[in-house]
>>> print(open('model30.cif').read())   # mmCIF, C-alpha atoms and all ligand atoms
data_run
#
loop_
_atom_site.label_atom_id
_atom_site.label_comp_id
_atom_site.auth_asym_id
_atom_site.auth_seq_id
_atom_site.Cartn_x
_atom_site.Cartn_y
_atom_site.Cartn_z
CA MET A 1 -64.09 -226.76 3.22
CA PRO A 2 -64.91 -230.39 4.23
CA ILE A 3 -67.01 -232.35 1.72
CA GLY A 4 -69.95 -232.63 4.13
CA ALA A 5 -70.06 -228.85 4.56
CA ARG A 6 -69.75 -228.35 0.78
CA ASN A 7 -72.71 -230.67 0.20
CA ALA A 8 -74.73 -228.78 2.79
CA VAL A 9 -73.98 -225.49 1.01
CA ALA A 10 -74.97 -227.05 -2.35
CA LEU A 11 -78.25 -228.28 -0.87
CA PHE A 12 -78.98 -224.87 0.64
CA ARG A 13 -78.35 -223.25 -2.77
CA ALA A 14 -80.54 -225.74 -4.61
CA ALA A 15 -83.40 -225.26 -2.17
CA TRP A 16 -83.12 -221.51 -2.55
CA ILE A 17 -82.94 -221.44 -6.35
CA HIS A 18 -86.23 -223.32 -6.55
CA ARG A 19 -88.05 -221.03 -4.19
CA GLN A 20 -86.76 -217.48 -4.58
CA MET A 21 -88.87 -215.38 -6.89
CA HIS A 22 -88.45 -211.79 -5.79
CA THR A 23 -85.61 -209.27 -5.65
CA VAL A 24 -83.47 -209.50 -2.53
CA ILE A 25 -81.02 -206.86 -1.35
CA ALA A 26 -78.69 -208.40 1.25
CA ILE A 27 -77.01 -206.19 3.82
CA ASP A 28 -74.57 -207.84 6.19
CA GLY A 29 -72.11 -206.51 8.74
CA PRO A 30 -70.86 -206.72 12.30
CA ALA A 31 -72.66 -205.54 15.45
CA ALA A 32 -73.68 -201.88 15.54
CA SER A 33 -72.29 -201.14 12.08
CA GLY A 34 -75.44 -199.16 11.32
CA LYS A 35 -76.89 -201.75 8.96
CA SER A 36 -80.33 -201.77 10.62
CA SER A 37 -80.86 -198.03 10.13
CA VAL A 38 -79.47 -198.26 6.61
CA ALA A 39 -81.60 -201.26 5.65
CA ARG A 40 -84.76 -199.72 7.11
CA MET A 41 -84.24 -196.40 5.29
CA LEU A 42 -83.33 -198.09 2.01
CA ALA A 43 -86.39 -200.35 2.13
CA LYS A 44 -88.67 -197.39 2.79
CA LYS A 45 -87.17 -195.35 -0.07
CA ILE A 46 -87.53 -198.08 -2.68
CA GLY A 47 -90.77 -199.61 -1.36
CA PHE A 48 -89.34 -203.04 -0.47
CA LEU A 49 -90.17 -205.08 2.64
CA TYR A 50 -87.62 -204.59 5.45
CA VAL A 51 -86.56 -207.80 7.21
CA ASN A 52 -84.30 -207.74 10.25
CA SER A 53 -83.00 -211.30 10.53
CA GLY A 54 -81.16 -210.44 13.76
CA ALA A 55 -84.53 -209.73 15.38
CA MET A 56 -85.47 -213.36 14.71
CA TYR A 57 -82.38 -214.67 16.52
CA ARG A 58 -83.03 -212.14 19.29
CA ALA A 59 -86.67 -213.27 19.60
CA VAL A 60 -85.59 -216.90 20.07
CA THR A 61 -82.98 -215.76 22.60
CA TRP A 62 -85.58 -213.84 24.57
CA LEU A 63 -87.82 -216.90 24.65
CA VAL A 64 -84.97 -219.13 25.85
CA THR A 65 -83.61 -216.79 28.55
CA ASN A 66 -87.13 -215.95 29.70
CA ARG A 67 -87.72 -219.64 30.37
CA GLY A 68 -84.50 -219.90 32.41
CA ILE A 69 -82.82 -222.18 29.85
CA SER A 70 -79.09 -221.82 29.21
CA ALA A 71 -78.29 -220.57 25.69
CA THR A 72 -75.51 -223.15 25.46
CA ASP A 73 -77.82 -226.08 26.23
CA ALA A 74 -78.72 -226.86 22.60
CA GLY A 75 -80.85 -229.88 23.55
CA ARG A 76 -83.16 -227.91 25.80
CA VAL A 77 -83.22 -224.94 23.41
CA LEU A 78 -84.38 -227.18 20.55
CA GLY A 79 -86.87 -228.94 22.85
CA LEU A 80 -88.40 -225.58 23.66
CA LEU A 81 -88.53 -224.57 19.97
CA ASP A 82 -90.35 -227.82 19.20
CA VAL A 83 -93.27 -226.81 21.39
CA THR A 84 -93.31 -223.11 20.49
CA LYS A 85 -95.37 -221.51 17.75
CA PHE A 86 -93.51 -218.94 15.61
CA GLU A 87 -95.56 -216.72 13.36
CA CYS A 88 -93.60 -214.61 10.88
CA GLY A 89 -95.61 -211.93 9.13
CA THR A 90 -95.47 -208.37 7.84
CA ALA A 91 -96.92 -205.07 9.01
CA ASN A 92 -96.17 -201.55 7.73
CA ASN A 93 -93.73 -202.99 5.20
CA GLN A 94 -91.62 -204.61 7.91
CA SER A 95 -91.28 -208.19 9.06
CA THR A 96 -92.97 -209.17 12.32
CA ILE A 97 -92.64 -212.16 14.61
CA LEU A 98 -94.96 -213.55 17.26
CA ILE A 99 -93.91 -216.23 19.73
CA ASP A 100 -96.89 -218.19 21.03
CA GLY A 101 -98.93 -215.10 20.16
CA VAL A 102 -96.65 -212.68 22.05
CA ASP A 103 -94.74 -209.85 20.35
CA PRO A 104 -91.19 -209.98 21.78
CA GLU A 105 -90.22 -206.59 20.28
CA PRO A 106 -89.90 -204.64 23.60
CA HIS A 107 -87.37 -207.19 24.89
CA LEU A 108 -85.14 -207.63 21.86
CA THR A 109 -82.34 -205.35 23.08
CA ASP A 110 -82.44 -206.42 26.74
CA ALA A 111 -78.95 -206.93 28.17
CA ALA A 112 -79.70 -210.67 28.65
CA VAL A 113 -80.60 -210.98 24.98
CA ASN A 114 -77.45 -209.10 23.87
CA ALA A 115 -75.35 -211.35 26.06
CA ASN A 116 -76.82 -214.65 24.81
CA VAL A 117 -77.89 -214.10 21.21
CA SER A 118 -74.58 -215.14 19.62
CA ALA A 119 -74.64 -218.45 21.51
CA ILE A 120 -78.18 -219.13 20.30
CA ALA A 121 -77.23 -218.12 16.75
CA SER A 122 -74.38 -220.60 16.72
CA ILE A 123 -76.73 -223.60 17.14
CA PRO A 124 -76.98 -225.06 13.58
CA GLU A 125 -80.55 -226.32 14.00
CA VAL A 126 -81.74 -222.89 15.18
CA ARG A 127 -80.15 -221.39 12.06
CA ARG A 128 -81.78 -223.97 9.81
CA ILE A 129 -85.24 -223.15 11.19
CA LEU A 130 -84.78 -219.38 10.94
CA VAL A 131 -83.08 -219.40 7.51
CA ASP A 132 -86.07 -221.31 6.18
CA ARG A 133 -88.41 -218.63 7.53
CA GLN A 134 -86.17 -215.88 6.12
CA ARG A 135 -86.31 -217.41 2.63
CA GLN A 136 -90.10 -217.61 2.80
CA PHE A 137 -90.32 -213.80 2.89
CA ALA A 138 -88.79 -213.68 -0.62
CA GLU A 139 -91.53 -215.90 -2.02
CA THR A 140 -94.02 -213.07 -1.70
CA ASN A 141 -92.03 -209.82 -1.43
CA ASP A 142 -89.14 -207.82 -2.86
CA LEU A 143 -87.04 -207.24 0.23
CA VAL A 144 -84.09 -205.68 1.97
CA MET A 145 -82.80 -208.17 4.54
CA GLU A 146 -80.02 -207.43 6.99
CA GLY A 147 -77.95 -209.80 9.09
CA ARG A 148 -74.69 -211.72 9.16
CA ASP A 149 -75.11 -214.44 6.50
CA ILE A 150 -77.72 -213.02 4.15
CA GLY A 151 -75.42 -212.66 1.14
CA SER A 152 -73.27 -215.69 1.97
CA VAL A 153 -75.87 -218.32 2.94
CA VAL A 154 -79.50 -217.21 2.98
CA PHE A 155 -79.59 -215.68 -0.54
CA PRO A 156 -76.21 -216.56 -2.05
CA ASP A 157 -77.38 -215.97 -5.62
CA THR A 158 -78.74 -212.47 -5.27
CA PRO A 159 -76.63 -210.02 -7.27
CA TYR A 160 -77.31 -207.26 -4.71
CA LYS A 161 -75.01 -207.81 -1.73
CA PHE A 162 -73.60 -205.19 0.61
CA TYR A 163 -71.34 -205.42 3.64
CA VAL A 164 -71.54 -202.40 5.94
CA ASP A 165 -68.56 -202.05 8.24
CA ALA A 166 -67.25 -199.50 10.76
CA SER A 167 -64.32 -199.44 13.15
CA PRO A 168 -64.78 -201.19 16.53
CA GLU A 169 -64.45 -197.81 18.29
CA VAL A 170 -67.14 -196.16 16.17
CA ARG A 171 -69.46 -199.15 16.61
CA ALA A 172 -69.03 -199.20 20.39
CA ALA A 173 -69.71 -195.45 20.51
CA ARG A 174 -72.87 -195.84 18.38
CA ARG A 175 -74.27 -198.54 20.70
CA ALA A 176 -73.40 -196.53 23.84
CA LYS A 177 -75.19 -193.53 22.34
CA GLN A 178 -78.33 -195.68 22.08
CA GLY A 179 -78.00 -196.21 25.84
CA LEU A 180 -77.76 -199.99 25.43
CA ALA A 181 -75.55 -202.40 27.36
CA ASP A 182 -74.02 -204.55 24.66
CA THR A 183 -71.06 -206.88 24.40
CA ILE A 184 -70.13 -205.98 20.84
CA ALA A 185 -66.57 -207.32 20.88
CA GLU A 186 -67.73 -210.60 22.41
CA ARG A 187 -70.52 -210.99 19.84
CA ASP A 188 -68.14 -210.18 16.97
CA LYS A 189 -65.80 -212.87 18.19
CA VAL A 190 -68.47 -215.57 18.47
CA ASP A 191 -70.16 -214.49 15.20
CA THR A 192 -66.94 -214.63 13.17
CA THR A 193 -65.59 -217.87 14.62
CA ARG A 194 -68.69 -220.09 14.83
CA ARG A 195 -68.69 -223.20 12.62
CA THR A 196 -72.07 -222.68 10.97
CA SER A 197 -72.51 -219.62 8.74
CA PRO A 198 -69.97 -217.34 10.41
CA LEU A 199 -69.97 -213.63 9.63
CA VAL A 200 -67.94 -213.32 6.41
CA ILE A 201 -67.78 -210.82 3.59
CA ALA A 202 -69.42 -212.60 0.64
CA GLU A 203 -67.00 -212.72 -2.29
CA ASP A 204 -69.21 -210.60 -4.50
CA ALA A 205 -70.39 -208.14 -1.81
CA HIS A 206 -69.80 -204.41 -2.13
CA VAL A 207 -68.11 -203.27 1.09
CA ILE A 208 -69.00 -199.88 2.56
CA GLU A 209 -66.79 -198.48 5.34
CA SER A 210 -69.32 -196.36 7.22
CA SER A 211 -67.26 -194.98 10.12
CA TYR A 212 -67.34 -191.47 8.69
CA LEU A 213 -70.54 -191.67 6.65
CA THR A 214 -74.08 -190.66 7.62
CA ILE A 215 -76.94 -193.15 7.23
CA ASP A 216 -78.09 -191.09 4.25
CA GLY A 217 -74.60 -191.34 2.79
CA VAL A 218 -74.55 -195.14 3.04
CA VAL A 219 -78.06 -195.46 1.60
CA GLY A 220 -77.03 -193.15 -1.26
CA GLU A 221 -74.02 -195.32 -2.03
CA ILE A 222 -76.17 -198.45 -2.08
CA ILE A 223 -78.77 -196.87 -4.35
CA GLY A 224 -76.03 -195.71 -6.73
CA ARG A 225 -74.66 -199.23 -6.88
CA LEU A 226 -78.13 -200.77 -7.44
CA LYS A 227 -78.69 -198.40 -10.37
CA LEU A 228 -75.29 -199.30 -11.83
CA LYS A 229 -76.33 -202.93 -11.68
CA GLY A 230 -79.50 -202.11 -13.58
CA LEU A 231 -82.09 -202.67 -10.84
CA ALA A 232 -85.28 -200.79 -11.70
CA LEU A 233 -86.12 -198.45 -8.81
CA PRO A 234 -89.18 -196.24 -8.27
CA GLU A 235 -89.11 -192.90 -10.09
CA GLY A 236 -87.41 -190.12 -8.14
CA VAL A 237 -85.15 -192.42 -6.12
O1 LIG B 1 -78.05 -205.03 15.34
P1 LIG B 1 -76.86 -205.80 15.80
O2 LIG B 1 -75.72 -205.64 14.89
O3 LIG B 1 -76.52 -205.58 17.22
O4 LIG B 1 -77.19 -207.34 15.75
P2 LIG B 1 -78.43 -208.09 15.15
O5 LIG B 1 -78.45 -207.93 13.67
O6 LIG B 1 -79.65 -207.74 15.91
O7 LIG B 1 -78.03 -209.62 15.45
C1 LIG B 1 -77.91 -210.09 16.76
C2 LIG B 1 -77.13 -211.38 16.74
O8 LIG B 1 -77.87 -212.35 16.00
C3 LIG B 1 -75.77 -211.33 16.08
O9 LIG B 1 -74.74 -210.95 16.99
C4 LIG B 1 -75.60 -212.76 15.58
O10 LIG B 1 -75.11 -213.59 16.59
C5 LIG B 1 -77.01 -213.20 15.26
N1 LIG B 1 -77.35 -213.12 13.83
C6 LIG B 1 -76.92 -214.15 13.01
O11 LIG B 1 -76.22 -215.04 13.48
N2 LIG B 1 -77.29 -214.19 11.71
C7 LIG B 1 -78.05 -213.23 11.19
N3 LIG B 1 -78.42 -213.31 9.92
C8 LIG B 1 -78.48 -212.16 11.99
C9 LIG B 1 -78.10 -212.12 13.31
#
>>> encode(input="model30.cif", output="structure tokens", more="lines below")
Ligand code: CDP
Amino acid sequence: MPIGARNAVALFRAAWIHRQMHTVIAIDGPAASGKSSVARMLAKKIGFLYVNSGAMYRAVTWLVTNRGISATDAGRVLGLLDVTKFECGTANNQSTILIDGVDPEPHLTDAAVNANVSAIASIPEVRRILVDRQRQFAETNDLVMEGRDIGSVVFPDTPYKFYVDASPEVRAARRAKQGLADTIAERDKVDTTRRTSPLVIAEDAHVIESSYLTIDGVVGEIIGRLKLKGLALPEGV
């Protein structure tokens, strides 16, 4: 790793160590690996806040494409972000986001968002802004956060890291079953090869191959692992 990049990682870590106060369970994995369903169910079972970091990148992508700006034009994307108000909050134990007062939720899986989100997520400054917001959630809540770089970059020091995987065929079938047009293979390629915070398996992450597991099965495996690590969970879980 070049020295500049190593310094940046060290700075990120230092900033995080000073601010993180609550328990964070990090769940990373490639597109359509089932991590959203798993993270949502896990959070509900153990009473933690559920944060979908991908929704934040999708919300920015919706804003950008909606304004007719190219996702690869980093200058104009950042110019737009400069004049846009992002409000991150919580409701019903889930994270929420408002963009200039508008809830982008109904548009987050639009084909245009699927097609452009990886390009937006590869802009380092966009990542810096969103990672900062993601860390803020841990200042006030115990949380389950899912994404691509949660265990590797956003919360590198949490002891609770999981990487949920599934074969490309199973993942494509899962997305098709949802009736969504998605460019999974394309997104995987951009997500794993980008320079800033690419999708990687954090060294200390527990990998779960979910191709032949139910959501319940994956959540059960995670809970078993959390107990082994000594995390106190609500009675009956
Ligand atoms: O749910 P799905 O696997 O389709 O993806 P997502 O979690 O909604 O994330 C959408 C896109 O946002 C990914 O393909 C990444 O390009 C980007 N992303 C990221 O770069 N870092 C994250 N922590 C989360 C998402």
>>> atom_distance(input="model30.cif", atom1="CA of Ser53 (chain A)", atom2="CA of Asp191 (chain A)")
14.0 Å
>>> residues_near_ligand(input="model30.cif", ligand="ligand LIG 1 (chain B)", cutoff="6 Å", atoms="all atoms listed in the file", output="ChimeraX atom specification")
/A:30-32,53-55,57,117-118,121,147-150,187,191
>>> write_last_selection(input="model30.cif", atoms="C-alpha atoms", output="PDB file, in the frame of the given file")
ATOM      1  CA  PRO A  30     -70.860-206.720  12.300  1.00  0.00           C
ATOM      2  CA  ALA A  31     -72.660-205.540  15.450  1.00  0.00           C
ATOM      3  CA  ALA A  32     -73.680-201.880  15.540  1.00  0.00           C
ATOM      4  CA  SER A  53     -83.000-211.300  10.530  1.00  0.00           C
ATOM      5  CA  GLY A  54     -81.160-210.440  13.760  1.00  0.00           C
ATOM      6  CA  ALA A  55     -84.530-209.730  15.380  1.00  0.00           C
ATOM      7  CA  TYR A  57     -82.380-214.670  16.520  1.00  0.00           C
ATOM      8  CA  VAL A 117     -77.890-214.100  21.210  1.00  0.00           C
ATOM      9  CA  SER A 118     -74.580-215.140  19.620  1.00  0.00           C
ATOM     10  CA  ALA A 121     -77.230-218.120  16.750  1.00  0.00           C
ATOM     11  CA  GLY A 147     -77.950-209.800   9.090  1.00  0.00           C
ATOM     12  CA  ARG A 148     -74.690-211.720   9.160  1.00  0.00           C
ATOM     13  CA  ASP A 149     -75.110-214.440   6.500  1.00  0.00           C
ATOM     14  CA  ILE A 150     -77.720-213.020   4.150  1.00  0.00           C
ATOM     15  CA  ARG A 187     -70.520-210.990  19.840  1.00  0.00           C
ATOM     16  CA  ASP A 191     -70.160-214.490  15.200  1.00  0.00           C
TER      17      ASP A 191
END
>>> closest_residue(input="model30.cif", among="A:Arg175, A:Lys229, A:Arg194, A:Lys35", to="Val207 (chain A)", atoms="all atoms listed in the file")
A:Lys35
>>> closest_atom_pairs(input="model30.cif", of="region 104-156 of chain A", to="region 72-85 of chain A", cutoff="10 Å", atoms="all atoms listed in the file", output="Markdown table")
| residue | atom | partner | partner_atom | distance |
| --- | --- | --- | --- | --- |
| A:Asn116 | CA | A:Thr72 | CA | 8.6 |
| A:Ser118 | CA | A:Thr72 | CA | 10.0 |
| A:Ala119 | CA | A:Thr72 | CA | 6.2 |
| A:Ile120 | CA | A:Thr72 | CA | 7.1 |
| A:Ser122 | CA | A:Thr72 | CA | 9.2 |
| A:Ile123 | CA | A:Ala74 | CA | 6.7 |
| A:Pro124 | CA | A:Ala74 | CA | 9.4 |
| A:Glu125 | CA | A:Leu78 | CA | 7.6 |
| A:Val126 | CA | A:Leu78 | CA | 7.4 |
| A:Ile129 | CA | A:Leu81 | CA | 9.5 |
>>> atom_distance(input="model30.cif", atom1="CA of Ala138 (chain A)", atom2="CA of Phe155 (chain A)")
9.4 Å
>>> closest_residue(input="model30.cif", among="A:Ala115, A:Ala91, A:Val51, A:Leu98", to="Ala181 (chain A)", atoms="all atoms listed in the file")
A:Ala115
>>> atom_distance(input="model30.cif", atom1="CA of Asp110 (chain A)", atom2="CA of Val190 (chain A)")
18.6 Å
>>> closest_residue(input="model30.cif", among="A:Ala59, A:Val154, A:Ala185, A:Ala71", to="Ser167 (chain A)", atoms="only C-alpha atoms")
A:Ala185
>>> closest_residue(input="model30.cif", among="A:Lys161, A:Lys189, A:Arg195, A:Arg225", to="Asp28 (chain A)", atoms="only C-alpha atoms")
A:Lys161
>>> closest_residue(input="model30.cif", among="A:Asp132, A:Val64, A:Ile223, A:Gln94", to="Arg40 (chain A)", atoms="only C-alpha atoms")
A:Gln94
>>> residues_near_point(input="model30.cif", point="(-81.6, -204.8, 20.0)", cutoff="9 Å", atoms="all atoms listed in the file", output="ChimeraX atom specification")
/A:54-55,58,105,107-111,113-114,180,182
>>> residues_around(input="model30.cif", residues="region 234-237 of chain A", least_positions_apart="5", cutoff="12 Å", atoms="only C-alpha atoms", output="list of chain:residue names")
A:Leu42, A:Ala43, A:Lys44, A:Lys45, A:Ile46, A:Gly47, A:Phe48, A:Val219, A:Gly220, A:Ile222, A:Ile223, A:Gly224, A:Leu226, A:Lys227
>>> closest_residue(input="model30.cif", among="A:Asn93, A:Ser211, A:Thr196, A:Ile184", to="Met41 (chain A)", atoms="all atoms listed in the file")
A:Asn93
>>> decode(input="model30.cif", residues="region 100-112 of chain A", atoms="all heavy atoms", output="short mmCIF file (atom, residue, chain, number, x, y, z; two decimals), in the first residue's frame")
data_model
loop_
_atom_site.label_atom_id
_atom_site.label_comp_id
_atom_site.auth_asym_id
_atom_site.auth_seq_id
_atom_site.Cartn_x
_atom_site.Cartn_y
_atom_site.Cartn_z
N ASP A 100 -32.70 17.35 0.79
CA ASP A 100 -33.46 18.59 0.68
C ASP A 100 -34.92 18.35 1.08
O ASP A 100 -35.86 18.79 0.40
CB ASP A 100 -33.37 19.16 -0.75
CG ASP A 100 -32.04 19.88 -0.98
OD1 ASP A 100 -31.39 20.30 0.01
OD2 ASP A 100 -31.65 20.02 -2.15
N GLY A 101 -35.10 17.60 2.17
CA GLY A 101 -36.44 17.36 2.71
C GLY A 101 -37.23 16.27 2.02
O GLY A 101 -38.34 15.95 2.43
N VAL A 102 -36.66 15.66 0.97
CA VAL A 102 -37.40 14.63 0.22
C VAL A 102 -36.86 13.24 0.58
O VAL A 102 -35.64 13.04 0.64
CB VAL A 102 -37.25 14.85 -1.32
CG1 VAL A 102 -37.95 13.73 -2.09
CG2 VAL A 102 -37.79 16.21 -1.70
N ASP A 103 -37.80 12.29 0.81
CA ASP A 103 -37.39 10.91 1.09
C ASP A 103 -37.19 10.18 -0.24
O ASP A 103 -38.16 9.95 -0.98
CB ASP A 103 -38.50 10.23 1.91
CG ASP A 103 -38.14 8.79 2.26
OD1 ASP A 103 -37.05 8.33 1.85
OD2 ASP A 103 -38.96 8.14 2.94
N PRO A 104 -35.94 9.78 -0.55
CA PRO A 104 -35.68 9.15 -1.85
C PRO A 104 -36.04 7.66 -1.92
O PRO A 104 -35.91 7.03 -2.97
CB PRO A 104 -34.16 9.33 -2.01
CG PRO A 104 -33.65 9.32 -0.62
CD PRO A 104 -34.72 9.91 0.26
N GLU A 105 -36.49 7.11 -0.79
CA GLU A 105 -36.71 5.66 -0.66
C GLU A 105 -37.40 5.00 -1.89
O GLU A 105 -36.92 3.98 -2.38
CB GLU A 105 -37.51 5.41 0.63
CG GLU A 105 -38.06 4.02 0.82
CD GLU A 105 -36.97 2.99 1.08
OE1 GLU A 105 -35.92 3.37 1.63
OE2 GLU A 105 -37.17 1.82 0.70
N PRO A 106 -38.50 5.56 -2.41
CA PRO A 106 -39.17 4.86 -3.53
C PRO A 106 -38.31 4.73 -4.78
O PRO A 106 -38.64 3.94 -5.66
CB PRO A 106 -40.40 5.75 -3.83
CG PRO A 106 -40.54 6.66 -2.67
CD PRO A 106 -39.19 6.81 -2.05
N HIS A 107 -37.23 5.49 -4.86
CA HIS A 107 -36.43 5.49 -6.10
C HIS A 107 -35.12 4.72 -5.97
O HIS A 107 -34.35 4.66 -6.93
CB HIS A 107 -36.10 6.94 -6.49
CG HIS A 107 -37.30 7.82 -6.51
ND1 HIS A 107 -38.26 7.74 -7.48
CD2 HIS A 107 -37.72 8.78 -5.64
CE1 HIS A 107 -39.21 8.62 -7.22
NE2 HIS A 107 -38.91 9.25 -6.11
N LEU A 108 -34.85 4.18 -4.79
CA LEU A 108 -33.50 3.66 -4.54
C LEU A 108 -33.11 2.44 -5.36
O LEU A 108 -31.93 2.15 -5.54
CB LEU A 108 -33.29 3.38 -3.04
CG LEU A 108 -33.37 4.61 -2.13
CD1 LEU A 108 -32.98 4.25 -0.71
CD2 LEU A 108 -32.49 5.75 -2.65
N THR A 109 -34.12 1.70 -5.87
CA THR A 109 -33.77 0.54 -6.70
C THR A 109 -34.17 0.76 -8.16
O THR A 109 -34.27 -0.20 -8.93
CB THR A 109 -34.42 -0.76 -6.16
OG1 THR A 109 -35.83 -0.54 -6.02
CG2 THR A 109 -33.84 -1.15 -4.81
N ASP A 110 -34.36 2.01 -8.55
CA ASP A 110 -34.62 2.31 -9.97
C ASP A 110 -33.45 1.80 -10.81
O ASP A 110 -32.30 1.79 -10.35
CB ASP A 110 -34.69 3.84 -10.19
CG ASP A 110 -35.99 4.43 -9.66
OD1 ASP A 110 -36.84 3.67 -9.16
OD2 ASP A 110 -36.12 5.68 -9.72
N ALA A 111 -33.75 1.41 -12.05
CA ALA A 111 -32.69 0.88 -12.92
C ALA A 111 -31.56 1.91 -13.09
O ALA A 111 -30.38 1.55 -13.10
CB ALA A 111 -33.27 0.50 -14.28
N ALA A 112 -31.90 3.20 -13.17
CA ALA A 112 -30.87 4.23 -13.36
C ALA A 112 -29.96 4.31 -12.13
O ALA A 112 -28.76 4.56 -12.25
CB ALA A 112 -31.51 5.59 -13.61
#
